[in-house]
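To start, the structure under review is shown below, and the notes come after it.
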2 protein chains.
Amino acid sequence: VTTWVIVVAAGSGTRFGGAKQYEPLAGRRVLDWSLHAAATVADGVVVVTADGAALGPDVDAGGTAMVVVPGGDTRSASVRSGLAAVPAEAEVIVVHDAARPLATPELFERVVDAVRDGAVAAIPGVDVVDTIRHRSGGVVDRDALVAVQTPQAFRADVLRAAHASGGDATDDASLVESTGGSVVVVAGDPANRKITTADDLVIAEALARGRRNEGVR
Amino acid sequence: VTTWVIVVAAGSGTRFGGAKQYEPLAGRRVLDWSLHAAATVADGVVVVTADGAALGPDVDAGGTAMVVVPGGDTRSASVRSGLAAVPAEAEVIVVHDAARPLATPELFERVVDAVRDGAVAAIPGVDVVDTIRHRSGGVVDRDALVAVQTPQAFRADVLRAAHASGGDATDDASLVESTGGSVVVVAGDPANRKITTADDLVIAEALARGRRNEGVR
């Protein structure tokens, strides 16, 4: 089954205070971690960056095809920019945020396998650990909630159809759902955290070094 | 205004695989970080542990009164055990989970000040960064949600009344709210994370060392 991954790395990092995807993280750039993991499951990778410029010689895609394209004004526009560069023969398309550098090859495999096994869309989810309140008051039952991560895998035709309407959403699964598709949640990884602040980069560094010591990568 | 802090450290650490509050964290035990921060705002601290045994000579409470009591079968029962040891003259009572060792003295001050300024209950909240879904399907508007932390400060009579009914809740603010009290949310601290897994301890270690290097503590 031909599988392509779109890695979205076009964000300006407003909250972070800069383009976090190019920061160093345990010996590589933040972005390179995602490219490395994506390449383990994909026939090809489309990287969406702010300017679409080449990524430099230190990207190791292990022989997987890699295309760099420029992003759009919103996250969904950037995904559409990536989609346009995915070959028509791709049957499974995965969307992943470069801001989650610690997504493992195993996690990529898990969502891709779910779609290969018949799901229209498969996304990683983890338990919500904090107590969650409505801003307007009142506690939300956290056991009824799941925190969604990327990589998110889709049947190619379904993802293309969801984006054909030109909508915008914080994740692609919501967009697929809003156009009638059903979404399967598979086990995510609590360590697969999104880098939003400078502290998050400190955290990712500690986790990445811990994994290296365990020989995971 | 007489202020006491109840530090809840009676959990068995089911998900962590042991009593995480006694693990080392950047040169102290996890629990000691909370005791140190609590002592900066409190006239006295009640520590609720599984067995109520003395904590050892390395606890530095900086001259603040410190009492250790045994916990109960649930988190709320442990808080009630702590409440029974708080002197009647306390006007503000703060409840804090020892599983959040990186709560700063400034965060303790913020919630206590809000109650001294007239709030019945004041709790720290931070933005929800992940996309959140209902397990039954469908995305929740994360901008309408806030993730709740401890320390949580209360007018003493209100907290005692909320616990008099003997209910159980994952946090005390919910209990106060369920008995009719209103809750003010103040700015929390994203670094004030709950330690649930072994990875969380790695994360806390990295953040604690980073702070020390910045001279924050």
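Chain labels follow the order of the structure tokens: the first chain is A, the next B, and so on; residue numbering restarts at 1 in every chain, and ligands are counted from 1 in their shown order.
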
Can you list every residue of chain A that has an atom at most 7 Å from chain B, with its nearest atom pair and the distance in Å to one decimal, using only C-alpha atoms, ordered by chain then number, as a tab-separated table?
```
residue	atom	partner	partner_atom	distance
A:Asp130	CA	B:Ala147	CA	5.9
A:Thr131	CA	B:Val148	CA	5.2
A:Ile132	CA	B:Ala147	CA	4.6
A:Arg133	CA	B:Val146	CA	5.3
A:His134	CA	B:Leu145	CA	4.7
A:Arg135	CA	B:Leu145	CA	5.4
A:Val139	CA	B:Ser174	CA	6.5
A:Ala144	CA	B:Arg135	CA	5.5
A:Leu145	CA	B:His134	CA	4.7
A:Val146	CA	B:Arg133	CA	5.3
A:Ala147	CA	B:Ile132	CA	4.6
A:Val148	CA	B:Thr131	CA	5.2
A:Ser174	CA	B:Val139	CA	6.5
A:Val202	CA	B:Ala206	CA	6.5
A:Ile203	CA	B:Ile203	CA	5.1
A:Ala206	CA	B:Ala206	CA	6.1
A:Leu207	CA	B:Val202	CA	6.8
```

Would you pick out the contacts of Val45 of chain B at 7 Å or less, using only C-alpha atoms, so that residues sharing its chain but fewer than 5 positions from it are not included, and give the list as a PyMOL selection string?
chain B and resi 4-6+39+65-67

What is the atom CA of Arg116 of chain B to atom CA of Ala169 of chain B distance in Å?
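Interatomic distance here is 24.6 Å.
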
Among listed residues B:Asp43, B:Asp32, B:Asp97, B:Asp117, nearest Arg75 of chain B (using only C-alpha atoms)
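Closest residue, counting only C-alpha atoms: B:Asp97.
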
Check segment 23-115 of chain B with DSSP on the backbone and list each residue it calls strand (DSSP E), as a PyMOL selection string.
chain B and resi 24-25+28-29+44-49+65-70+92-97

Check the DSSP output for the backbone and give back, as a ChimeraX atom specification, the residues of segment 31-207 of chain A in alpha helix (DSSP H).
/A:31-39,75-83,105-116,156-164,172-178,198-207

Might you pull out every residue within 8 Å of segment 99-115 of chain A, with only C-alpha atoms counted and same-chain residues fewer than 2 positions away left off, and present them as a PyMOL selection string?
chain A and resi 9+20-21+30-34+37-38+40-41+92+94+96-97+117-124+150-155+186+188-189+191-196+204+208

Between A:Ala162, A:Val86, A:Val8, A:Ala19, which is the closest to Ala98 of chain A once you count only C-alpha atoms?
A:Val8

Just the number, please: distance in Å from atom CA of Ser76 of chain B to atom CA of Val7 of chain B, one decimal.
12.2 Å
